[in-house]
Amino acid sequence: MARKKIALIGAGMIGGTLAHLAAMRELGDIVLFDIAEGIPQGKALDISQCGPVEGFDAKLAGSNDYADIAGADVIIVTAGVARKPGMSRDDLLGINLKVMKTVGEGIKQHAPDAFVICITNPLDAMVWALREFSGLPHNKVVGMAGVLDSARFATFLAQEFGVSVRDVNAFVLGGHGDTMVPVTSYTTISGIPVDDLVKMGRSSKERIDEIVKRTRGGGGEIVALLKTGSAYYAPATSAIAMAEAYLGDQKRILPCAVYVDGKYGLDGLYVGVPTVIGANGVEEVIEIALDDEAKQNFQVSVDAVKELLEACKQIDGSLA
Ligand code: APR
């Protein structure tokens, strides 16, 4: 059987990390694509030279030509710019929307059978626009946010309770941004709900609220520390978990930004919900019961996503 092919659109900080992880895990042969000349080629060469030391079999290539993504099984999109000081949210939206248009058209023309994972921000709007521009089926285009947000939540909870991160199963819903909804009633430590652990006196509601707040601002906390960029290790790892779920038909239940039409009272938008990922891409959207507070917070998050979609439609009339 031929090796799988992984195409990475955007060879920046996340793109390079994705290539390294995908090679180390032997997910397949890897093509790094970018508009910047030399960067994808240089990173591909550098990571190839890890092969003899690590002992992985994966071919890496860098490219500035969409034709080279042909036949990709998985495509992970990080192309775009990150928000810089002085740039409004609308400025960022306008720039990255144009990027999604060229990327979407490139995918449509050269790799319409791929499973596409979008990471570019603002995530929920960009994954929606990428789907529109590419014309791929909704179940084959997903956004990576929930796995990362849940990982951040889990990291902080493991620190709070002094337990292994492996025993924390954290749950975050909604859009990727300040309005995301970490749900404590569905968050457990070895099956014990966090709310119960609070009742047992192992933490307090105030401390958990603080962790929820820190999770919501998790990306910003790292931007403030790095000063010149945003997080890339954990975002890349999270997208690789999604790619593996697809390639291995794992039927994992992962929180992903997916197209929700009908469930959660939504009529066709991309937002973070629990999703079964397997060989058919998004195989199921799982609708869970939410308490009043979570329901209300989810609605705020959905409204924020809707606002972004309206802004996209204003910028690019073809999306209206
Ligand atoms: N086509 C292809 N690549 C592009 C395009 C385009 N039209 N426009 C920009 N790029 C490339 C840049 O040349 C750069 O190499 O996208 C890459 C982005 O890399 P970084 O700036 O290092 O950003 P990164 O940290 O990888 O984050 C990428 O993910 O988390 C989000 O907010 C983040 O939107 C950002 C994205």
# chains A, B, ... in the order shown; residues from 1 in each chain; ligands from 1
$ residues_around --residues "Pro255 of chain A" --least-positions-apart "6" --cutoff "6 Å" --atoms "only C-alpha atoms" --output "ChimeraX atom specification"
/A:146-147,273-275
$ write_last_selection --atoms "C-alpha atoms" --output "PDB file, in the first residue's frame"
ATOM      1  CA  GLY A 146     -11.428  22.272  20.853  1.00  0.00           C
ATOM      2  CA  VAL A 147      -8.626  19.720  21.176  1.00  0.00           C
ATOM      3  CA  VAL A 273     -18.857  20.558  19.523  1.00  0.00           C
ATOM      4  CA  PRO A 274     -18.016  16.925  20.321  1.00  0.00           C
ATOM      5  CA  THR A 275     -17.518  15.045  17.090  1.00  0.00           C
TER       6      THR A 275
END
$ select_by_dssp --residues "segment 53-235 of chain A" --states "strand (DSSP E)" --output "PDB file with C-alpha atoms, in the first residue's frame"
ATOM      1  CA  LEU A  60       9.495  15.603   2.805  1.00  0.00           C
ATOM      2  CA  ALA A  61       9.264  18.224   0.084  1.00  0.00           C
ATOM      3  CA  GLY A  62       8.770  21.989   0.078  1.00  0.00           C
ATOM      4  CA  SER A  63       6.745  23.729  -2.596  1.00  0.00           C
ATOM      5  CA  VAL A  74      -4.908  15.033   4.752  1.00  0.00           C
ATOM      6  CA  ILE A  75      -4.365  18.775   4.413  1.00  0.00           C
ATOM      7  CA  ILE A  76      -3.670  20.989   7.401  1.00  0.00           C
ATOM      8  CA  VAL A  77      -4.051  24.718   6.802  1.00  0.00           C
ATOM      9  CA  PHE A 115      -9.660  15.564   4.801  1.00  0.00           C
ATOM     10  CA  VAL A 116      -8.948  19.217   5.589  1.00  0.00           C
ATOM     11  CA  ILE A 117      -8.094  20.573   9.030  1.00  0.00           C
ATOM     12  CA  CYS A 118      -8.017  24.358   9.374  1.00  0.00           C
ATOM     13  CA  VAL A 141     -13.520  20.164   6.414  1.00  0.00           C
ATOM     14  CA  VAL A 142     -12.992  20.729  10.140  1.00  0.00           C
ATOM     15  CA  GLY A 143     -11.397  23.302  12.388  1.00  0.00           C
ATOM     16  CA  VAL A 168      -7.866  14.449  33.113  1.00  0.00           C
ATOM     17  CA  ASN A 169     -10.642  14.400  30.529  1.00  0.00           C
ATOM     18  CA  VAL A 172     -14.559  22.690  25.984  1.00  0.00           C
ATOM     19  CA  LEU A 173     -17.373  23.754  23.645  1.00  0.00           C
ATOM     20  CA  VAL A 181     -17.213  27.308  27.011  1.00  0.00           C
ATOM     21  CA  PRO A 182     -15.182  24.993  29.266  1.00  0.00           C
ATOM     22  CA  THR A 188     -13.593  14.456  34.891  1.00  0.00           C
ATOM     23  CA  ILE A 189     -10.488  13.185  36.592  1.00  0.00           C
ATOM     24  CA  ILE A 192     -14.767  11.754  38.857  1.00  0.00           C
ATOM     25  CA  PRO A 193     -16.535  14.980  37.803  1.00  0.00           C
TER      26      PRO A 193
END
$ residues_near_ligand --ligand "ligand 1" --cutoff "7 Å" --atoms "only C-alpha atoms and all ligand atoms" --output "list in words"
Ile9, Gly10, Ala11, Gly12, Met13, Ile14, Gly15, Phe33, Asp34, Ile35, Ala36, Thr78, Ala79, Gly80, Val81, Ala82, Arg83, Val99, Thr102, Val103, Ile119, Thr120, Asn121, Pro122, Gly229, Ser230, Ala231, Tyr232 and Pro235 of chain A
$ closest_residue --among "A:Lys84, A:His20, A:Arg131, A:Lys213" --to "Thr228 of chain A" --atoms "only C-alpha atoms"
A:Lys84
$ residues_around --residues "Thr17 of chain A" --least-positions-apart "4" --cutoff "7 Å" --atoms "only C-alpha atoms" --output "VMD selection string"
chain A and resid 13 21 233 236
$ residues_around --residues "segment 153-160 of chain A" --least-positions-apart "3" --cutoff "7 Å" --atoms "only C-alpha atoms" --output "ChimeraX atom specification"
/A:149-150,163-165,168-170,211,215
$ write_last_selection --atoms "N, CA and C atoms" --output "PDB file, in the first residue's frame"
ATOM      1  N   ASP A 149      -7.977  23.728  23.128  1.00  0.00           N
ATOM      2  CA  ASP A 149      -8.577  24.392  24.292  1.00  0.00           C
ATOM      3  C   ASP A 149      -8.768  23.392  25.441  1.00  0.00           C
ATOM      4  N   SER A 150      -9.172  22.175  25.098  1.00  0.00           N
ATOM      5  CA  SER A 150      -9.354  21.145  26.132  1.00  0.00           C
ATOM      6  C   SER A 150      -8.012  20.750  26.735  1.00  0.00           C
ATOM      7  N   VAL A 163      -2.406  15.930  39.811  1.00  0.00           N
ATOM      8  CA  VAL A 163      -2.528  14.579  39.236  1.00  0.00           C
ATOM      9  C   VAL A 163      -1.934  14.559  37.828  1.00  0.00           C
ATOM     10  N   SER A 164      -1.809  13.362  37.272  1.00  0.00           N
ATOM     11  CA  SER A 164      -1.277  13.222  35.916  1.00  0.00           C
ATOM     12  C   SER A 164      -2.256  13.809  34.900  1.00  0.00           C
ATOM     13  N   VAL A 165      -1.713  14.467  33.888  1.00  0.00           N
ATOM     14  CA  VAL A 165      -2.580  14.986  32.817  1.00  0.00           C
ATOM     15  C   VAL A 165      -3.319  13.849  32.114  1.00  0.00           C
ATOM     16  N   VAL A 168      -6.897  13.355  33.235  1.00  0.00           N
ATOM     17  CA  VAL A 168      -7.866  14.449  33.113  1.00  0.00           C
ATOM     18  C   VAL A 168      -8.548  14.372  31.752  1.00  0.00           C
ATOM     19  N   ASN A 169      -9.871  14.385  31.764  1.00  0.00           N
ATOM     20  CA  ASN A 169     -10.642  14.400  30.529  1.00  0.00           C
ATOM     21  C   ASN A 169     -11.437  15.697  30.504  1.00  0.00           C
ATOM     22  N   ALA A 170     -10.898  16.683  29.815  1.00  0.00           N
ATOM     23  CA  ALA A 170     -11.502  18.025  29.876  1.00  0.00           C
ATOM     24  C   ALA A 170     -12.368  18.287  28.662  1.00  0.00           C
ATOM     25  N   ILE A 211      -9.463  28.950  36.632  1.00  0.00           N
ATOM     26  CA  ILE A 211      -8.871  28.064  35.607  1.00  0.00           C
ATOM     27  C   ILE A 211      -9.655  28.174  34.291  1.00  0.00           C
ATOM     28  N   THR A 215      -8.104  29.365  30.821  1.00  0.00           N
ATOM     29  CA  THR A 215      -8.243  28.555  29.605  1.00  0.00           C
ATOM     30  C   THR A 215      -8.752  29.427  28.458  1.00  0.00           C
TER      31      THR A 215
END
$ residues_around --residues "Ala72 of chain A" --least-positions-apart "3" --cutoff "9 Å" --atoms "only C-alpha atoms" --output "list of chain:residue names"
A:Lys4, A:Lys5, A:Ile6, A:Ala7, A:Ile30, A:Val31, A:Asp68, A:Ile69, A:Ile75, A:His110, A:Ala111, A:Pro112, A:Asp113, A:Ala114, A:Phe115
$ residues_around --residues "Tyr259 of chain A" --least-positions-apart "5" --cutoff "8 Å" --atoms "only C-alpha atoms" --output "PDB file with C-alpha atoms, in the first residue's frame"
ATOM      1  CA  TRP A 128     -16.423  28.058   7.347  1.00  0.00           C
ATOM      2  CA  HIS A 138     -18.875  19.594   5.112  1.00  0.00           C
ATOM      3  CA  ASN A 139     -17.791  16.326   6.742  1.00  0.00           C
ATOM      4  CA  VAL A 142     -12.992  20.729  10.140  1.00  0.00           C
ATOM      5  CA  GLY A 268     -25.612  25.704   9.436  1.00  0.00           C
ATOM      6  CA  LEU A 269     -22.510  27.176  10.989  1.00  0.00           C
ATOM      7  CA  TYR A 270     -19.110  26.020  12.178  1.00  0.00           C
ATOM      8  CA  VAL A 271     -18.624  25.873  15.936  1.00  0.00           C
TER       9      VAL A 271
END
$ residues_around --residues "Asp316 of chain A" --least-positions-apart "6" --cutoff "9 Å" --atoms "only C-alpha atoms" --output "list of chain:residue names"
A:Gly94, A:Leu97, A:Lys98
